[in-house]
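J.: Coordinates in upload19.pdb, PDB, C-alpha atoms, pLDDT in the B column, are listed below.
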```pdb
ATOM      1  CA  MET A  24     -49.173 -56.090 -13.328  1.00 95.00           C
ATOM      2  CA  HIS A  25     -45.975 -55.972 -11.318  1.00 97.00           C
ATOM      3  CA  ARG A  26     -42.978 -53.685 -11.045  1.00 98.00           C
ATOM      4  CA  SER A  27     -39.186 -54.082 -10.864  1.00 97.00           C
ATOM      5  CA  ARG A  28     -35.991 -52.112 -11.111  1.00 95.00           C
ATOM      6  CA  LEU A  29     -32.240 -52.587 -10.846  1.00 95.00           C
ATOM      7  CA  GLN A  30     -31.442 -51.689  -7.240  1.00 95.00           C
ATOM      8  CA  VAL A  31     -28.046 -52.961  -6.060  1.00 95.00           C
ATOM      9  CA  VAL A  32     -24.594 -53.455  -7.548  1.00 96.00           C
ATOM     10  CA  LEU A  33     -23.040 -55.912  -5.109  1.00 97.00           C
ATOM     11  CA  ILE A  34     -19.342 -56.593  -4.715  1.00 98.00           C
ATOM     12  CA  ASP A  35     -19.156 -60.070  -3.180  1.00 97.00           C
ATOM     13  CA  SER A  36     -15.905 -61.137  -1.655  1.00 96.00           C
ATOM     14  CA  ALA A  37     -14.549 -64.194   0.033  1.00 95.00           C
ATOM     15  CA  PRO A  38     -14.293 -64.073   3.851  1.00 94.00           C
ATOM     16  CA  ASP A  39     -10.484 -63.835   3.955  1.00 94.00           C
ATOM     17  CA  VAL A  40     -10.424 -60.632   1.885  1.00 95.00           C
ATOM     18  CA  ALA A  41     -13.806 -59.108   2.785  1.00 96.00           C
ATOM     19  CA  ASP A  42     -12.540 -56.579   5.353  1.00 95.00           C
ATOM     20  CA  ALA A  43      -9.771 -55.377   3.038  1.00 96.00           C
ATOM     21  CA  GLU A  44     -12.247 -55.153   0.162  1.00 97.00           C
ATOM     22  CA  VAL A  45     -14.744 -53.002   2.094  1.00 97.00           C
ATOM     23  CA  THR A  46     -11.958 -50.714   3.342  1.00 97.00           C
ATOM     24  CA  PHE A  47     -10.513 -50.398  -0.162  1.00 97.00           C
ATOM     25  CA  TRP A  48     -13.756 -49.492  -1.934  1.00 97.00           C
ATOM     26  CA  GLY A  49     -14.757 -47.067   0.827  1.00 96.00           C
ATOM     27  CA  ALA A  50     -11.454 -45.227   0.449  1.00 96.00           C
ATOM     28  CA  ALA A  51     -11.481 -45.509  -3.362  1.00 96.00           C
ATOM     29  CA  LEU A  52     -14.882 -43.777  -3.473  1.00 94.00           C
ATOM     30  CA  GLY A  53     -14.193 -41.420  -0.579  1.00 94.00           C
ATOM     31  CA  ARG A  54     -17.006 -42.729   1.607  1.00 93.00           C
ATOM     32  CA  ASP A  55     -17.278 -44.443   4.975  1.00 94.00           C
ATOM     33  CA  PRO A  56     -18.773 -47.919   4.462  1.00 96.00           C
ATOM     34  CA  VAL A  57     -21.913 -48.479   6.544  1.00 95.00           C
ATOM     35  CA  PRO A  58     -22.212 -52.064   7.857  1.00 95.00           C
ATOM     36  CA  GLU A  59     -25.788 -53.374   8.063  1.00 94.00           C
ATOM     37  CA  ALA A  60     -25.897 -54.875  11.557  1.00 94.00           C
ATOM     38  CA  GLY A  61     -26.475 -58.618  11.733  1.00 94.00           C
ATOM     39  CA  THR A  62     -26.024 -59.132   7.988  1.00 94.00           C
ATOM     40  CA  PRO A  63     -23.060 -59.774   5.666  1.00 95.00           C
ATOM     41  CA  PHE A  64     -23.787 -56.450   3.883  1.00 96.00           C
ATOM     42  CA  SER A  65     -22.142 -53.025   3.989  1.00 96.00           C
ATOM     43  CA  LEU A  66     -23.380 -50.015   2.065  1.00 95.00           C
ATOM     44  CA  LEU A  67     -20.490 -48.551   0.081  1.00 95.00           C
ATOM     45  CA  SER A  68     -22.122 -45.707  -1.819  1.00 87.00           C
ATOM     46  CA  PRO A  69     -25.421 -44.432  -3.137  1.00 82.00           C
ATOM     47  CA  LEU A  70     -25.178 -44.324  -6.944  1.00 81.00           C
ATOM     48  CA  GLY A  71     -28.109 -42.026  -7.704  1.00 77.00           C
ATOM     49  CA  ALA A  72     -31.712 -42.787  -8.657  1.00 79.00           C
ATOM     50  CA  GLY A  73     -32.075 -45.041  -5.607  1.00 83.00           C
ATOM     51  CA  LEU A  74     -29.393 -47.467  -6.805  1.00 89.00           C
ATOM     52  CA  VAL A  75     -26.673 -48.448  -4.335  1.00 92.00           C
ATOM     53  CA  LEU A  76     -23.222 -50.010  -4.418  1.00 94.00           C
ATOM     54  CA  ALA A  77     -22.858 -52.484  -1.575  1.00 97.00           C
ATOM     55  CA  HIS A  78     -20.519 -55.218  -0.398  1.00 97.00           C
ATOM     56  CA  GLN A  79     -21.412 -58.734   0.694  1.00 97.00           C
ATOM     57  CA  ARG A  80     -19.113 -60.971   2.697  1.00 96.00           C
ATOM     58  CA  LEU A  81     -19.536 -64.427   1.158  1.00 95.00           C
ATOM     59  CA  ASP A  82     -19.487 -67.560   3.302  1.00 93.00           C
ATOM     60  CA  ALA A  83     -17.763 -69.360   0.459  1.00 89.00           C
ATOM     61  CA  GLY A  84     -17.137 -69.106  -3.242  1.00 88.00           C
ATOM     62  CA  ALA A  85     -15.159 -66.817  -5.506  1.00 92.00           C
ATOM     63  CA  SER A  86     -15.298 -63.021  -5.366  1.00 95.00           C
ATOM     64  CA  ARG A  87     -17.410 -61.349  -8.059  1.00 97.00           C
ATOM     65  CA  ILE A  88     -19.809 -58.498  -8.729  1.00 97.00           C
ATOM     66  CA  HIS A  89     -23.512 -59.219  -9.146  1.00 97.00           C
ATOM     67  CA  LEU A  90     -26.707 -57.225  -9.736  1.00 97.00           C
ATOM     68  CA  ASP A  91     -29.939 -57.285  -7.705  1.00 97.00           C
ATOM     69  CA  ILE A  92     -33.335 -56.594  -9.270  1.00 98.00           C
ATOM     70  CA  GLU A  93     -35.950 -55.411  -6.753  1.00 97.00           C
ATOM     71  CA  THR A  94     -39.593 -56.269  -7.357  1.00 98.00           C
ATOM     72  CA  ASP A  95     -43.034 -56.144  -5.760  1.00 98.00           C
ATOM     73  CA  ASP A  96     -43.849 -59.646  -7.097  1.00 98.00           C
ATOM     74  CA  THR A  97     -40.914 -62.021  -6.986  1.00 97.00           C
ATOM     75  CA  ALA A  98     -42.696 -64.948  -8.666  1.00 97.00           C
ATOM     76  CA  ALA A  99     -43.932 -62.780 -11.570  1.00 98.00           C
ATOM     77  CA  GLU A 100     -40.538 -61.125 -12.030  1.00 98.00           C
ATOM     78  CA  VAL A 101     -38.700 -64.472 -12.005  1.00 98.00           C
ATOM     79  CA  ARG A 102     -41.156 -65.802 -14.625  1.00 98.00           C
ATOM     80  CA  ARG A 103     -40.638 -62.679 -16.754  1.00 98.00           C
ATOM     81  CA  LEU A 104     -36.854 -63.021 -16.608  1.00 98.00           C
ATOM     82  CA  GLN A 105     -37.006 -66.769 -17.302  1.00 98.00           C
ATOM     83  CA  GLY A 106     -39.071 -65.917 -20.376  1.00 97.00           C
ATOM     84  CA  LEU A 107     -36.192 -63.671 -21.497  1.00 97.00           C
ATOM     85  CA  GLY A 108     -33.631 -66.464 -21.097  1.00 97.00           C
ATOM     86  CA  ALA A 109     -32.547 -66.422 -17.449  1.00 98.00           C
ATOM     87  CA  VAL A 110     -32.269 -69.687 -15.519  1.00 98.00           C
ATOM     88  CA  ALA A 111     -33.288 -69.859 -11.852  1.00 98.00           C
ATOM     89  CA  ILE A 112     -30.691 -71.696  -9.751  1.00 97.00           C
ATOM     90  CA  GLY A 113     -31.978 -71.345  -6.210  1.00 96.00           C
ATOM     91  CA  GLU A 114     -34.085 -69.503  -3.648  1.00 96.00           C
ATOM     92  CA  HIS A 115     -33.227 -68.487  -0.102  1.00 91.00           C
ATOM     93  CA  ASP A 116     -35.102 -66.179   2.300  1.00 90.00           C
ATOM     94  CA  GLY A 117     -37.275 -64.818  -0.510  1.00 94.00           C
ATOM     95  CA  VAL A 118     -34.289 -64.054  -2.766  1.00 96.00           C
ATOM     96  CA  THR A 119     -34.130 -65.956  -6.061  1.00 98.00           C
ATOM     97  CA  GLN A 120     -30.731 -66.483  -7.698  1.00 97.00           C
ATOM     98  CA  LEU A 121     -30.653 -66.720 -11.476  1.00 98.00           C
ATOM     99  CA  ARG A 122     -28.059 -66.963 -14.231  1.00 98.00           C
ATOM    100  CA  ASP A 123     -28.155 -64.634 -17.236  1.00 98.00           C
ATOM    101  CA  PRO A 124     -27.338 -65.860 -20.791  1.00 97.00           C
ATOM    102  CA  ALA A 125     -23.599 -65.351 -20.130  1.00 97.00           C
ATOM    103  CA  GLY A 126     -23.848 -67.466 -16.978  1.00 96.00           C
ATOM    104  CA  LEU A 127     -23.488 -64.521 -14.585  1.00 97.00           C
ATOM    105  CA  VAL A 128     -25.411 -64.790 -11.326  1.00 96.00           C
ATOM    106  CA  PHE A 129     -27.956 -62.108 -10.462  1.00 98.00           C
ATOM    107  CA  CYS A 130     -30.748 -61.965  -7.885  1.00 98.00           C
ATOM    108  CA  VAL A 131     -34.412 -61.004  -7.689  1.00 98.00           C
ATOM    109  CA  VAL A 132     -35.230 -59.538  -4.282  1.00 98.00           C
ATOM    110  CA  PRO A 133     -38.475 -58.339  -2.677  1.00 98.00           C
ATOM    111  CA  VAL A 134     -38.975 -54.585  -2.219  1.00 97.00           C
ATOM    112  CA  GLN A 135     -36.391 -53.380   0.301  1.00 94.00           C
ATOM    113  CA  SER A 136     -35.990 -49.684  -0.541  1.00 93.00           C
ATOM    114  CA  ASP A 137     -38.077 -46.637   0.326  1.00 92.00           C
ATOM    115  CA  ASP A 138     -37.981 -45.221  -3.197  1.00 92.00           C
ATOM    116  CA  PHE A 139     -38.892 -48.397  -5.106  1.00 95.00           C
ATOM    117  CA  GLY A 140     -42.109 -46.951  -6.569  1.00 93.00           C
ATOM    118  CA  GLU A 141     -40.325 -43.848  -7.799  1.00 93.00           C
ATOM    119  CA  HIS A 142     -37.851 -45.788  -9.960  1.00 91.00           C
ATOM    120  CA  ALA A 143     -39.603 -49.046 -10.863  1.00 95.00           C
ATOM    121  CA  THR A 144     -40.735 -50.094 -14.335  1.00 95.00           C
ATOM    122  CA  VAL A 145     -44.309 -51.375 -14.631  1.00 97.00           C
ATOM    123  CA  TRP A 146     -44.694 -54.713 -16.457  1.00 97.00           C
ATOM    124  CA  GLU A 147     -48.227 -55.378 -17.719  1.00 89.00           C
TER     125      GLU A 147
ATOM    126  CA  MET B   7      -5.292 -32.029  -7.068  1.00 95.00           C
ATOM    127  CA  HIS B   8      -7.229 -34.409  -9.295  1.00 97.00           C
ATOM    128  CA  ARG B   9     -10.759 -35.741  -9.459  1.00 97.00           C
ATOM    129  CA  SER B  10     -12.421 -39.132  -9.975  1.00 97.00           C
ATOM    130  CA  ARG B  11     -15.748 -40.897  -9.720  1.00 95.00           C
ATOM    131  CA  LEU B  12     -17.334 -44.264 -10.330  1.00 95.00           C
ATOM    132  CA  GLN B  13     -18.791 -44.003 -13.829  1.00 95.00           C
ATOM    133  CA  VAL B  14     -19.588 -47.347 -15.429  1.00 95.00           C
ATOM    134  CA  VAL B  15     -20.866 -50.739 -14.312  1.00 96.00           C
ATOM    135  CA  LEU B  16     -19.787 -52.970 -17.191  1.00 97.00           C
ATOM    136  CA  ILE B  17     -21.173 -56.395 -17.952  1.00 98.00           C
ATOM    137  CA  ASP B  18     -18.441 -58.116 -19.968  1.00 97.00           C
ATOM    138  CA  SER B  19     -19.353 -61.204 -21.879  1.00 96.00           C
ATOM    139  CA  ALA B  20     -17.594 -63.674 -24.065  1.00 95.00           C
ATOM    140  CA  PRO B  21     -18.122 -63.295 -27.852  1.00 94.00           C
ATOM    141  CA  ASP B  22     -20.323 -66.387 -28.222  1.00 94.00           C
ATOM    142  CA  VAL B  23     -22.919 -65.094 -25.740  1.00 95.00           C
ATOM    143  CA  ALA B  24     -22.505 -61.319 -26.144  1.00 96.00           C
ATOM    144  CA  ASP B  25     -25.514 -60.750 -28.427  1.00 95.00           C
ATOM    145  CA  ALA B  26     -27.804 -62.808 -26.198  1.00 96.00           C
ATOM    146  CA  GLU B  27     -26.473 -60.996 -23.125  1.00 97.00           C
ATOM    147  CA  VAL B  28     -27.139 -57.515 -24.541  1.00 97.00           C
ATOM    148  CA  THR B  29     -30.636 -58.529 -25.664  1.00 97.00           C
ATOM    149  CA  PHE B  30     -31.390 -60.086 -22.285  1.00 97.00           C
ATOM    150  CA  TRP B  31     -30.331 -57.107 -20.146  1.00 97.00           C
ATOM    151  CA  GLY B  32     -32.062 -54.627 -22.445  1.00 96.00           C
ATOM    152  CA  ALA B  33     -35.325 -56.553 -22.071  1.00 96.00           C
ATOM    153  CA  ALA B  34     -34.774 -57.198 -18.359  1.00 96.00           C
ATOM    154  CA  LEU B  35     -34.462 -53.454 -17.729  1.00 94.00           C
ATOM    155  CA  GLY B  36     -37.054 -52.426 -20.320  1.00 94.00           C
ATOM    156  CA  ARG B  37     -34.640 -50.393 -22.437  1.00 93.00           C
ATOM    157  CA  ASP B  38     -33.323 -50.586 -25.975  1.00 94.00           C
ATOM    158  CA  PRO B  39     -29.540 -51.175 -25.843  1.00 96.00           C
ATOM    159  CA  VAL B  40     -27.586 -48.511 -27.723  1.00 95.00           C
ATOM    160  CA  PRO B  41     -24.486 -49.902 -29.504  1.00 95.00           C
ATOM    161  CA  GLU B  42     -21.523 -47.511 -29.609  1.00 94.00           C
ATOM    162  CA  ALA B  43     -20.474 -47.697 -33.258  1.00 94.00           C
ATOM    163  CA  GLY B  44     -17.014 -49.093 -33.918  1.00 94.00           C
ATOM    164  CA  THR B  45     -16.514 -50.262 -30.328  1.00 94.00           C
ATOM    165  CA  PRO B  46     -17.338 -53.412 -28.354  1.00 95.00           C
ATOM    166  CA  PHE B  47     -19.632 -51.353 -26.070  1.00 96.00           C
ATOM    167  CA  SER B  48     -23.413 -50.987 -25.821  1.00 96.00           C
ATOM    168  CA  LEU B  49     -25.163 -48.669 -23.390  1.00 95.00           C
ATOM    169  CA  LEU B  50     -27.766 -50.644 -21.464  1.00 95.00           C
ATOM    170  CA  SER B  51     -29.183 -48.070 -19.062  1.00 87.00           C
ATOM    171  CA  PRO B  52     -28.431 -44.800 -17.323  1.00 81.00           C
ATOM    172  CA  LEU B  53     -28.351 -45.494 -13.574  1.00 81.00           C
ATOM    173  CA  GLY B  54     -28.692 -41.938 -12.265  1.00 77.00           C
ATOM    174  CA  ALA B  55     -26.085 -39.405 -11.129  1.00 78.00           C
ATOM    175  CA  GLY B  56     -24.222 -39.833 -14.428  1.00 82.00           C
ATOM    176  CA  LEU B  57     -23.495 -43.514 -13.807  1.00 88.00           C
ATOM    177  CA  VAL B  58     -24.276 -45.966 -16.606  1.00 92.00           C
ATOM    178  CA  LEU B  59     -24.750 -49.700 -17.017  1.00 94.00           C
ATOM    179  CA  ALA B  60     -23.064 -50.880 -20.203  1.00 96.00           C
ATOM    180  CA  HIS B  61     -22.047 -54.096 -21.929  1.00 97.00           C
ATOM    181  CA  GLN B  62     -18.697 -54.970 -23.424  1.00 97.00           C
ATOM    182  CA  ARG B  63     -18.145 -57.789 -25.896  1.00 96.00           C
ATOM    183  CA  LEU B  64     -14.872 -59.401 -24.826  1.00 95.00           C
ATOM    184  CA  ASP B  65     -12.402 -60.758 -27.376  1.00 93.00           C
ATOM    185  CA  ALA B  66     -11.541 -63.534 -24.968  1.00 89.00           C
ATOM    186  CA  GLY B  67     -11.810 -64.454 -21.318  1.00 88.00           C
ATOM    187  CA  ALA B  68     -14.607 -65.263 -18.920  1.00 92.00           C
ATOM    188  CA  SER B  69     -17.776 -63.204 -18.526  1.00 95.00           C
ATOM    189  CA  ARG B  70     -17.877 -60.935 -15.462  1.00 97.00           C
ATOM    190  CA  ILE B  71     -18.997 -57.534 -14.219  1.00 97.00           C
ATOM    191  CA  HIS B  72     -16.413 -54.812 -13.616  1.00 97.00           C
ATOM    192  CA  LEU B  73     -16.381 -51.174 -12.498  1.00 97.00           C
ATOM    193  CA  ASP B  74     -14.791 -48.178 -14.251  1.00 97.00           C
ATOM    194  CA  ILE B  75     -13.485 -45.163 -12.348  1.00 98.00           C
ATOM    195  CA  GLU B  76     -13.324 -41.998 -14.470  1.00 97.00           C
ATOM    196  CA  THR B  77     -10.626 -39.420 -13.711  1.00 98.00           C
ATOM    197  CA  ASP B  78      -9.063 -36.207 -15.010  1.00 98.00           C
ATOM    198  CA  ASP B  79      -5.565 -37.491 -14.115  1.00 98.00           C
ATOM    199  CA  THR B  80      -5.095 -41.185 -14.789  1.00 97.00           C
ATOM    200  CA  ALA B  81      -1.553 -41.397 -13.404  1.00 97.00           C
ATOM    201  CA  ALA B  82      -2.497 -39.652 -10.153  1.00 98.00           C
ATOM    202  CA  GLU B  83      -5.644 -41.756  -9.722  1.00 98.00           C
ATOM    203  CA  VAL B  84      -3.776 -45.021 -10.356  1.00 98.00           C
ATOM    204  CA  ARG B  85      -1.146 -43.980  -7.781  1.00 98.00           C
ATOM    205  CA  ARG B  86      -3.894 -43.117  -5.273  1.00 98.00           C
ATOM    206  CA  LEU B  87      -5.602 -46.495  -5.760  1.00 98.00           C
ATOM    207  CA  GLN B  88      -2.291 -48.370  -5.592  1.00 98.00           C
ATOM    208  CA  GLY B  89      -1.700 -46.605  -2.272  1.00 97.00           C
ATOM    209  CA  LEU B  90      -5.020 -48.058  -1.074  1.00 97.00           C
ATOM    210  CA  GLY B  91      -4.019 -51.594  -2.063  1.00 97.00           C
ATOM    211  CA  ALA B  92      -4.908 -51.987  -5.742  1.00 98.00           C
ATOM    212  CA  VAL B  93      -2.431 -53.625  -8.124  1.00 98.00           C
ATOM    213  CA  ALA B  94      -2.055 -52.338 -11.684  1.00 98.00           C
ATOM    214  CA  ILE B  95      -2.022 -55.177 -14.201  1.00 97.00           C
ATOM    215  CA  GLY B  96      -1.945 -53.423 -17.564  1.00 96.00           C
ATOM    216  CA  GLU B  97      -2.594 -50.339 -19.666  1.00 96.00           C
ATOM    217  CA  HIS B  98      -4.208 -50.059 -23.093  1.00 92.00           C
ATOM    218  CA  ASP B  99      -5.369 -46.948 -24.974  1.00 90.00           C
ATOM    219  CA  GLY B 100      -5.160 -44.798 -21.848  1.00 94.00           C
ATOM    220  CA  VAL B 101      -7.195 -47.260 -19.755  1.00 96.00           C
ATOM    221  CA  THR B 102      -5.393 -48.830 -16.787  1.00 98.00           C
ATOM    222  CA  GLN B 103      -6.592 -52.212 -15.520  1.00 97.00           C
ATOM    223  CA  LEU B 104      -6.134 -52.921 -11.813  1.00 98.00           C
ATOM    224  CA  ARG B 105      -7.060 -55.622  -9.329  1.00 98.00           C
ATOM    225  CA  ASP B 106      -8.742 -54.765  -6.026  1.00 98.00           C
ATOM    226  CA  PRO B 107      -7.864 -56.584  -2.749  1.00 97.00           C
ATOM    227  CA  ALA B 108     -10.298 -59.409  -3.625  1.00 97.00           C
ATOM    228  CA  GLY B 109      -8.641 -59.845  -7.020  1.00 96.00           C
ATOM    229  CA  LEU B 110     -11.505 -58.304  -8.996  1.00 97.00           C
ATOM    230  CA  VAL B 111     -10.514 -56.351 -12.090  1.00 97.00           C
ATOM    231  CA  PHE B 112     -11.531 -52.695 -12.371  1.00 98.00           C
ATOM    232  CA  CYS B 113     -10.397 -49.906 -14.684  1.00 98.00           C
ATOM    233  CA  VAL B 114      -9.312 -46.292 -14.455  1.00 98.00           C
ATOM    234  CA  VAL B 115     -10.408 -44.368 -17.550  1.00 98.00           C
ATOM    235  CA  PRO B 116      -9.844 -40.769 -18.706  1.00 98.00           C
ATOM    236  CA  VAL B 117     -12.801 -38.376 -18.590  1.00 97.00           C
ATOM    237  CA  GLN B 118     -15.380 -39.605 -21.112  1.00 94.00           C
ATOM    238  CA  SER B 119     -18.657 -38.165 -19.803  1.00 93.00           C
ATOM    239  CA  ASP B 120     -20.216 -34.726 -20.056  1.00 92.00           C
ATOM    240  CA  ASP B 121     -21.176 -34.575 -16.389  1.00 92.00           C
ATOM    241  CA  PHE B 122     -17.853 -35.690 -14.883  1.00 95.00           C
ATOM    242  CA  GLY B 123     -17.276 -32.435 -12.979  1.00 93.00           C
ATOM    243  CA  GLU B 124     -20.746 -32.524 -11.489  1.00 93.00           C
ATOM    244  CA  HIS B 125     -20.229 -35.901  -9.816  1.00 91.00           C
ATOM    245  CA  ALA B 126     -16.475 -36.214  -9.227  1.00 95.00           C
ATOM    246  CA  THR B 127     -14.716 -36.256  -5.858  1.00 95.00           C
ATOM    247  CA  VAL B 128     -11.726 -33.924  -5.484  1.00 97.00           C
ATOM    248  CA  TRP B 129      -8.552 -35.565  -4.124  1.00 97.00           C
ATOM    249  CA  GLU B 130      -6.029 -33.059  -2.714  1.00 89.00           C
TER     250      GLU B 130
END
```
Show the structure stored in the file as structure tokens.

T.:
Amino acid sequence: MHRSRLQVVLIDSAPDVADAEVTFWGAALGRDPVPEAGTPFSLLSPLGAGLVLAHQRLDAGASRIHLDIETDDTAAEVRRLQGLGAVAIGEHDGVTQLRDPAGLVFCVVPVQSDDFGEHATVWE
Amino acid sequence: MHRSRLQVVLIDSAPDVADAEVTFWGAALGRDPVPEAGTPFSLLSPLGAGLVLAHQRLDAGASRIHLDIETDDTAAEVRRLQGLGAVAIGEHDGVTQLRDPAGLVFCVVPVQSDDFGEHATVWE
């Protein structure tokens, strides 16, 4: 048995436009972005039900939006998603990157929120 | 005075992978996708606070994820977002497509949810 849930909608942007992107989405949503010290992440807005919209400054690569699935068993969740058709493309600091059937990147991340248990789905 | 709010996180996928994409994300999130009859949209999951994750079958173009901002005054909301740095790139059936500072497409859509007023921000 393990649990998972969709937790983050992440706007990733290239370094040269990252500051403008964070400022824009903060103003667009009427919120002050909250940088997470020492990381490339800023919280843009809570979205309800424990889900958040955040921004990531990429080191390289094209801007995009991707989804993060939070889980209490990364290996089991990656296996489950591979069984559904996802393809794992890499792992870094406990975060596994996968591609969905349309080729879009998404990530499986270890539990990082306080309300994980409240919103997670149990997979037997 | 007008109001707006983030309302939809849309996974857009190309026609050849759209069915597989909808099936995958439904299973990944443990929900049965709900096709919206006569449209290219399927509801994948409510995300809380009136926000929804949905899928759109594209006629053409590359798969991606985009955000929809819902508003009770499309013209005023587009002007507000242009003032923040967005660039309008087209309009179709009352939906305006824009690009954010990182070049990502997002849309401004007329009110389409029952709980718009409950979650919208008022712009004076």

J.: In Å, with one decimal, what is the gap from atom CA of A:Ala72 to atom CA of A:Glu147?

T.: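 Between atom CA of A:Ala72 and atom CA of A:Glu147 the gap is 22.7 Å.
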
J.: May I ask you to extract the residues of chain B within 9 Å of chain A, using all atoms listed in the file, and to give them as a PyMOL selection string?

T.: chain B and resi 10-12+15+18-20+22-24+26-27+29-31+33-36+53-57+69-73+86-87+90-92+106-110+127+129

J.: Identify, on the basis of all atoms listed in the file, every residue whose closest approach to B:Cys113 does not exceed 10 Å; exclude the query and any residue fewer than 4 positions from it along the same chain; express the result as an MDAnalysis selection string.

T.: chainID B and resid 12 14 72:76 84 94:97 101:105

J.: Give me, please, the distance in Å between atom CA of B:Asp38 and atom CA of B:Gln62, quoted to one decimal.

T.: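 One can read the atom CA of B:Asp38 to atom CA of B:Gln62 distance as 15.5 Å.
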
J.: As an exercise, work out the distance from atom CA of B:Phe47 to atom CA of B:Ala60 in Å and give it to one decimal place.

T.: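 Calculated distance between atom CA of B:Phe47 and atom CA of B:Ala60 is 6.8 Å.
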
J.: So that all listed atoms of stretch 36-44 of chain A fit with 3 Å spare on each side, what axis-aligned box centre and edge lengths in Å, to one decimal, would you give as AutoDock Vina command-line options?

T.:
```
--center_x -12.8 --center_y -59.7 --center_z 1.8 --size_x 12.1 --size_y 15.0 --size_z 13.0
```

J.: Can you list, as a PyMOL selection string, every protein, DNA or RNA residue that comes within 7 Å of B:Ser48 when you count only C-alpha atoms, leaving out same-chain residues fewer than 3 positions away?

T.: chain B and resi 39-42+60-62

J.: From the list B:Asp78, B:Gly100, B:Val93, B:Arg37, which residue is nearest B:Phe122 when using all atoms listed in the file?

T.: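 The answer is B:Asp78, which sits nearest to B:Phe122.
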
J.: Complete stretch 44-56 of chain B with N, CA, C and O atoms (output as a PDB file, in the frame of the given file).

T.:
```pdb
ATOM      1  N   GLY B  44     -18.450 -48.903 -33.800  1.00 94.00           N
ATOM      2  CA  GLY B  44     -17.014 -49.093 -33.918  1.00 94.00           C
ATOM      3  C   GLY B  44     -16.321 -49.503 -32.632  1.00 94.00           C
ATOM      4  O   GLY B  44     -15.094 -49.522 -32.559  1.00 94.00           O
ATOM      5  N   THR B  45     -17.104 -49.818 -31.603  1.00 94.00           N
ATOM      6  CA  THR B  45     -16.514 -50.262 -30.328  1.00 94.00           C
ATOM      7  C   THR B  45     -17.220 -51.545 -29.882  1.00 94.00           C
ATOM      8  O   THR B  45     -18.285 -51.888 -30.408  1.00 94.00           O
ATOM      9  N   PRO B  46     -16.650 -52.220 -28.872  1.00 95.00           N
ATOM     10  CA  PRO B  46     -17.338 -53.412 -28.354  1.00 95.00           C
ATOM     11  C   PRO B  46     -18.390 -53.074 -27.300  1.00 95.00           C
ATOM     12  O   PRO B  46     -18.891 -53.972 -26.628  1.00 95.00           O
ATOM     13  N   PHE B  47     -18.745 -51.777 -27.158  1.00 96.00           N
ATOM     14  CA  PHE B  47     -19.632 -51.353 -26.070  1.00 96.00           C
ATOM     15  C   PHE B  47     -21.062 -51.084 -26.535  1.00 96.00           C
ATOM     16  O   PHE B  47     -21.295 -50.602 -27.635  1.00 96.00           O
ATOM     17  N   SER B  48     -22.015 -51.401 -25.654  1.00 96.00           N
ATOM     18  CA  SER B  48     -23.413 -50.987 -25.821  1.00 96.00           C
ATOM     19  C   SER B  48     -23.867 -50.385 -24.506  1.00 96.00           C
ATOM     20  O   SER B  48     -23.605 -50.947 -23.432  1.00 96.00           O
ATOM     21  N   LEU B  49     -24.566 -49.248 -24.594  1.00 95.00           N
ATOM     22  CA  LEU B  49     -25.163 -48.669 -23.390  1.00 95.00           C
ATOM     23  C   LEU B  49     -26.446 -49.432 -23.088  1.00 95.00           C
ATOM     24  O   LEU B  49     -27.312 -49.580 -23.948  1.00 95.00           O
ATOM     25  N   LEU B  50     -26.548 -49.928 -21.845  1.00 95.00           N
ATOM     26  CA  LEU B  50     -27.766 -50.644 -21.464  1.00 95.00           C
ATOM     27  C   LEU B  50     -28.750 -49.729 -20.757  1.00 95.00           C
ATOM     28  O   LEU B  50     -29.946 -49.774 -21.020  1.00 95.00           O
ATOM     29  N   SER B  51     -28.258 -48.906 -19.826  1.00 87.00           N
ATOM     30  CA  SER B  51     -29.183 -48.070 -19.062  1.00 87.00           C
ATOM     31  C   SER B  51     -28.431 -46.997 -18.303  1.00 87.00           C
ATOM     32  O   SER B  51     -27.383 -47.280 -17.713  1.00 87.00           O
ATOM     33  N   PRO B  52     -28.949 -45.760 -18.286  1.00 81.00           N
ATOM     34  CA  PRO B  52     -28.431 -44.800 -17.323  1.00 81.00           C
ATOM     35  C   PRO B  52     -28.876 -45.255 -15.934  1.00 81.00           C
ATOM     36  O   PRO B  52     -29.947 -45.836 -15.773  1.00 81.00           O
ATOM     37  N   LEU B  53     -28.030 -45.031 -14.928  1.00 81.00           N
ATOM     38  CA  LEU B  53     -28.351 -45.494 -13.574  1.00 81.00           C
ATOM     39  C   LEU B  53     -28.583 -44.331 -12.624  1.00 81.00           C
ATOM     40  O   LEU B  53     -28.786 -44.527 -11.437  1.00 81.00           O
ATOM     41  N   GLY B  54     -28.543 -43.095 -13.140  1.00 77.00           N
ATOM     42  CA  GLY B  54     -28.692 -41.938 -12.265  1.00 77.00           C
ATOM     43  C   GLY B  54     -27.342 -41.379 -11.882  1.00 77.00           C
ATOM     44  O   GLY B  54     -26.336 -42.105 -11.874  1.00 77.00           O
ATOM     45  N   ALA B  55     -27.314 -40.078 -11.569  1.00 78.00           N
ATOM     46  CA  ALA B  55     -26.085 -39.405 -11.129  1.00 78.00           C
ATOM     47  C   ALA B  55     -24.933 -39.625 -12.120  1.00 78.00           C
ATOM     48  O   ALA B  55     -23.767 -39.698 -11.725  1.00 78.00           O
ATOM     49  N   GLY B  56     -25.257 -39.733 -13.405  1.00 82.00           N
ATOM     50  CA  GLY B  56     -24.222 -39.833 -14.428  1.00 82.00           C
ATOM     51  C   GLY B  56     -23.629 -41.214 -14.587  1.00 82.00           C
ATOM     52  O   GLY B  56     -22.808 -41.451 -15.470  1.00 82.00           O
TER      53      GLY B  56
END
```
